[in-house]
Amino acid sequence: MADRRLQVFHAVARHGSFTRAAEALFMTQPAVTFQIKQLEEQYNTRLFDRGHGRVTLTPAGELVMAYAERILGLTEELESRVSELTDELSGVLHLGTSTTIAGYWLPYLLEGFKRRYPRVVPRVSVGNSQLIESRVLERHLDVGLIEIVTDQSNLDRRRAGQDELQLIVAPEHPLAAEKSVHAEQLVAHPLIHREPGNAIRDLVDQFFANAGIPYEDLNVTAELGSLSTVKHMTATGFGIAIASVAAIRSAVKAGRLVGIPLEPRLYTPLEVILLKDKFRSRLVNTFADFVTEEIGRMSAGTPT
């Protein structure tokens, strides 16, 4: 087991805050401060500069951080190797997913995986695809589930499947009776868009650009980070939006929204990403294989 002080130090350095580190470690802030003070006394030097509401590493702190990451990584690897000798998959899985995958794919994936491996504890972070990609690159996450095709050469990416994107409108909207719609038909309507950095937003912008319609010509009425808010505002008639079929299925079935295919058809990729040079336990490999297979199966059919 790694020195607890190194774990606390690593958390403070990663979060840039004693308060956020305490929250992440389920400790009190005075306890975190005490652990750092002990470590600084051991090395007889300051490890952090404090100021402007944030802490930063000193040169000595940078050195300790480099070794802390190696030590903690080896500790994790050791625990994983020993646990694998029992042939029972267990441990904490650090998983990150995009918001759409978290809301409409992840429940099925975790349910299936937990049924097979009940001693595994998934620890899930949710954000847009770019954020999840960066957190995998920074070694904070074991596995990422995203909706972009990454071009990062140090990531191992697996194409698991795809999900269709459709226009969504309120049932009484003038476009609700259309069998399919082209980009040119949508320009005049208020568009409820996703936030910058969101994978679906990028695909939608490209959909319009391919039709010769720049972003400046779109009638954007809101940019939202919450998909549930997008759907609510669309259902209440504030505008049109484009969302994944998985995300709108229940609302369409209930009659709150109408989903209309786009012409040409538009799809979002569903990708599983892992860092190439990071140690992968049997748990990480098993989960990555499982979700790649399950997403492929689910995207080929219809999740219930």
# chains A, B, ... in the order shown; residues from 1 in each chain; ligands from 1
>>> select_by_dssp(residues="range 43-178 of chain A", states="strand (DSSP E)", output="ChimeraX atom specification")
/A:48-51,54-57,91-97,120-126,143-146,155-169
>>> closest_atom_pairs(of="range 79-120 of chain A", to="range 187-197 of chain A", cutoff="12 Å", atoms="only C-alpha atoms", output="Markdown table")
| residue | atom | partner | partner_atom | distance |
| --- | --- | --- | --- | --- |
| A:Ser98 | CA | A:Gly197 | CA | 10.9 |
| A:Thr99 | CA | A:Arg194 | CA | 11.2 |
| A:Thr100 | CA | A:Arg194 | CA | 11.5 |
>>> write_last_selection(atoms="all heavy atoms", output="PDB file, in the first residue's frame")
ATOM      1  N   SER A  98     -19.289  10.381 -22.035  1.00  0.00           N
ATOM      2  CA  SER A  98     -19.981  11.590 -22.488  1.00  0.00           C
ATOM      3  C   SER A  98     -21.373  11.627 -21.872  1.00  0.00           C
ATOM      4  O   SER A  98     -21.879  10.609 -21.372  1.00  0.00           O
ATOM      5  CB  SER A  98     -20.091  11.588 -24.018  1.00  0.00           C
ATOM      6  OG  SER A  98     -21.003  10.583 -24.446  1.00  0.00           O
ATOM      7  N   THR A  99     -22.014  12.786 -21.906  1.00  0.00           N
ATOM      8  CA  THR A  99     -23.313  12.937 -21.252  1.00  0.00           C
ATOM      9  C   THR A  99     -24.384  12.049 -21.879  1.00  0.00           C
ATOM     10  O   THR A  99     -25.202  11.454 -21.178  1.00  0.00           O
ATOM     11  CB  THR A  99     -23.770  14.407 -21.295  1.00  0.00           C
ATOM     12  OG1 THR A  99     -23.685  14.886 -22.642  1.00  0.00           O
ATOM     13  CG2 THR A  99     -22.894  15.274 -20.417  1.00  0.00           C
ATOM     14  N   THR A 100     -24.380  11.938 -23.208  1.00  0.00           N
ATOM     15  CA  THR A 100     -25.388  11.111 -23.868  1.00  0.00           C
ATOM     16  C   THR A 100     -25.191   9.638 -23.525  1.00  0.00           C
ATOM     17  O   THR A 100     -26.144   8.932 -23.197  1.00  0.00           O
ATOM     18  CB  THR A 100     -25.345  11.290 -25.395  1.00  0.00           C
ATOM     19  OG1 THR A 100     -25.637  12.660 -25.710  1.00  0.00           O
ATOM     20  CG2 THR A 100     -26.363  10.401 -26.082  1.00  0.00           C
TER      21      THR A 100
END
>>> select_by_dssp(residues="range 38-279 of chain A", states="alpha helix (DSSP H)", output="ChimeraX atom specification")
/A:38-43,59-84,99-104,106-116,129-137,199-210,227-235,245-253
>>> residues_around(residues="Asp205 in chain A", least_positions_apart="4", cutoff="7 Å", atoms="only C-alpha atoms", output="PyMOL selection string")
chain A and resi 201+209+215
>>> write_last_selection(atoms="all heavy atoms", output="JSON list (two decimals), in the first residue's frame")
[["chain", "number", "residue", "atom", "x", "y", "z"],
["A", 201, "ARG", "N", -22.66, 18.63, -31.03],
["A", 201, "ARG", "CA", -22.63, 19.99, -31.58],
["A", 201, "ARG", "C", -21.69, 20.06, -32.79],
["A", 201, "ARG", "O", -22.02, 20.64, -33.82],
["A", 201, "ARG", "CB", -22.18, 20.99, -30.52],
["A", 201, "ARG", "CG", -22.06, 22.42, -31.08],
["A", 201, "ARG", "CD", -21.24, 23.30, -30.17],
["A", 201, "ARG", "NE", -20.98, 24.59, -30.79],
["A", 201, "ARG", "CZ", -21.57, 25.72, -30.44],
["A", 201, "ARG", "NH1", -22.48, 25.72, -29.48],
["A", 201, "ARG", "NH2", -21.28, 26.85, -31.05],
["A", 209, "ALA", "N", -22.49, 22.91, -42.35],
["A", 209, "ALA", "CA", -21.38, 23.38, -43.19],
["A", 209, "ALA", "C", -21.32, 22.61, -44.51],
["A", 209, "ALA", "O", -21.03, 23.19, -45.57],
["A", 209, "ALA", "CB", -20.05, 23.25, -42.43],
["A", 215, "TYR", "N", -22.00, 28.61, -39.48],
["A", 215, "TYR", "CA", -22.60, 28.73, -38.15],
["A", 215, "TYR", "C", -23.29, 30.08, -37.97],
["A", 215, "TYR", "O", -24.35, 30.17, -37.36],
["A", 215, "TYR", "CB", -21.52, 28.54, -37.08],
["A", 215, "TYR", "CG", -22.04, 28.73, -35.68],
["A", 215, "TYR", "CD1", -22.69, 27.71, -35.01],
["A", 215, "TYR", "CD2", -21.89, 29.97, -35.01],
["A", 215, "TYR", "CE1", -23.19, 27.88, -33.72],
["A", 215, "TYR", "CE2", -22.38, 30.15, -33.73],
["A", 215, "TYR", "CZ", -23.02, 29.11, -33.09],
["A", 215, "TYR", "OH", -23.51, 29.29, -31.82]]
>>> closest_residue(among="A:Pro264, A:Gly255, A:Gly112, A:Pro118", to="Phe208 in chain A", atoms="only C-alpha atoms")
A:Pro264
>>> closest_atom_pairs(of="range 192-219 of chain A", to="range 138-147 of chain A", cutoff="10 Å", atoms="only C-alpha atoms", output="tab-separated table")
residue	atom	partner	partner_atom	distance
A:Asn198	CA	A:Glu147	CA	8.8
A:Ala199	CA	A:Glu147	CA	5.8
A:Ile200	CA	A:Glu147	CA	7.6
A:Leu203	CA	A:Glu147	CA	9.8
>>> atom_distance(atom1="CA of Arg20 in chain A", atom2="CA of Glu133 in chain A")
21.6 Å
>>> residues_around(residues="Glu23 in chain A", least_positions_apart="6", cutoff="12 Å", atoms="only C-alpha atoms", output="list in words")
Val8, Ala11, Val12, His15, Ser17, Gln29, Pro30, Ala31 and Val32 of chain A
>>> write_last_selection(atoms="N, CA and C atoms", output="short mmCIF file (atom, residue, chain, number, x, y, z; two decimals), in the first residue's frame")
data_model
loop_
_atom_site.label_atom_id
_atom_site.label_comp_id
_atom_site.auth_asym_id
_atom_site.auth_seq_id
_atom_site.Cartn_x
_atom_site.Cartn_y
_atom_site.Cartn_z
N VAL A 8 -2.53 11.68 -0.56
CA VAL A 8 -3.12 13.00 -0.28
C VAL A 8 -2.40 14.07 -1.09
N ALA A 11 -3.52 13.98 -4.67
CA ALA A 11 -4.87 14.53 -4.84
C ALA A 11 -4.86 16.06 -4.81
N VAL A 12 -4.08 16.65 -3.89
CA VAL A 12 -4.00 18.11 -3.81
C VAL A 12 -3.38 18.68 -5.09
N HIS A 15 -5.94 18.32 -8.02
CA HIS A 15 -7.11 19.19 -7.94
C HIS A 15 -6.73 20.66 -7.81
N SER A 17 -6.21 22.21 -5.12
CA SER A 17 -6.98 22.78 -4.01
C SER A 17 -7.02 21.78 -2.86
N GLN A 29 -10.64 19.01 5.60
CA GLN A 29 -9.53 19.82 5.09
C GLN A 29 -8.37 19.89 6.09
N PRO A 30 -8.63 20.02 7.41
CA PRO A 30 -7.49 20.02 8.35
C PRO A 30 -6.68 18.73 8.28
N ALA A 31 -7.35 17.59 8.03
CA ALA A 31 -6.63 16.32 7.93
C ALA A 31 -5.73 16.31 6.70
N VAL A 32 -6.22 16.87 5.59
CA VAL A 32 -5.41 16.96 4.37
C VAL A 32 -4.21 17.88 4.62
#
>>> residues_around(residues="range 233-240 of chain A", least_positions_apart="4", cutoff="10 Å", atoms="only C-alpha atoms", output="list in words")
Leu167, Ile168, Val169, Ala170, Pro171, Glu172, His173, Leu175, Leu186, His189, Pro190, Leu191, Ile192, His193, Asn219, Val220, Thr221, Ala222, Leu227, Ser228, Thr229, Ala251, Gly255, Arg256, Leu257 and Val258 of chain A
>>> closest_residue(among="A:Leu224, A:Gly259, A:Ser281, A:Ala60", to="Leu78 in chain A", atoms="only C-alpha atoms")
A:Ser281
>>> residues_around(residues="Ile148 in chain A", least_positions_apart="6", cutoff="12 Å", atoms="only C-alpha atoms", output="ChimeraX atom specification")
/A:97-98,101,128-133,157-163,197-203,267-273
>>> write_last_selection(atoms="C-alpha atoms", output="mmCIF file, in the first residue's frame")
data_model
loop_
_atom_site.group_PDB
_atom_site.id
_atom_site.type_symbol
_atom_site.label_atom_id
_atom_site.label_comp_id
_atom_site.auth_asym_id
_atom_site.auth_seq_id
_atom_site.Cartn_x
_atom_site.Cartn_y
_atom_site.Cartn_z
ATOM 1 C CA THR A 97 -18.414 8.890 -20.374
ATOM 2 C CA SER A 98 -19.981 11.590 -22.488
ATOM 3 C CA ILE A 101 -23.694 7.768 -23.248
ATOM 4 C CA ASN A 128 -18.446 16.173 -22.885
ATOM 5 C CA SER A 129 -16.332 13.936 -25.116
ATOM 6 C CA GLN A 130 -13.359 16.326 -25.246
ATOM 7 C CA LEU A 131 -13.202 16.486 -21.450
ATOM 8 C CA ILE A 132 -13.332 12.697 -21.109
ATOM 9 C CA GLU A 133 -10.630 12.315 -23.767
ATOM 10 C CA ARG A 157 -9.418 3.587 -29.692
ATOM 11 C CA ARG A 158 -12.059 0.996 -30.415
ATOM 12 C CA ARG A 159 -15.024 1.769 -32.650
ATOM 13 C CA ALA A 160 -17.887 0.152 -30.739
ATOM 14 C CA GLY A 161 -20.869 1.312 -32.788
ATOM 15 C CA GLN A 162 -22.824 4.358 -33.854
ATOM 16 C CA ASP A 163 -26.054 6.172 -33.073
ATOM 17 C CA GLY A 197 -16.883 21.006 -26.984
ATOM 18 C CA ASN A 198 -19.884 18.716 -27.213
ATOM 19 C CA ALA A 199 -19.406 15.998 -29.851
ATOM 20 C CA ILE A 200 -22.948 16.224 -31.206
ATOM 21 C CA ARG A 201 -22.631 19.991 -31.585
ATOM 22 C CA ASP A 202 -19.529 19.495 -33.745
ATOM 23 C CA LEU A 203 -21.371 16.973 -35.935
ATOM 24 C CA TYR A 267 -24.486 9.399 -37.179
ATOM 25 C CA THR A 268 -22.395 9.861 -34.071
ATOM 26 C CA PRO A 269 -19.587 7.343 -33.422
ATOM 27 C CA LEU A 270 -19.481 5.482 -30.124
ATOM 28 C CA GLU A 271 -15.845 4.913 -29.149
ATOM 29 C CA VAL A 272 -14.021 3.184 -26.302
ATOM 30 C CA ILE A 273 -10.654 4.780 -25.514
#
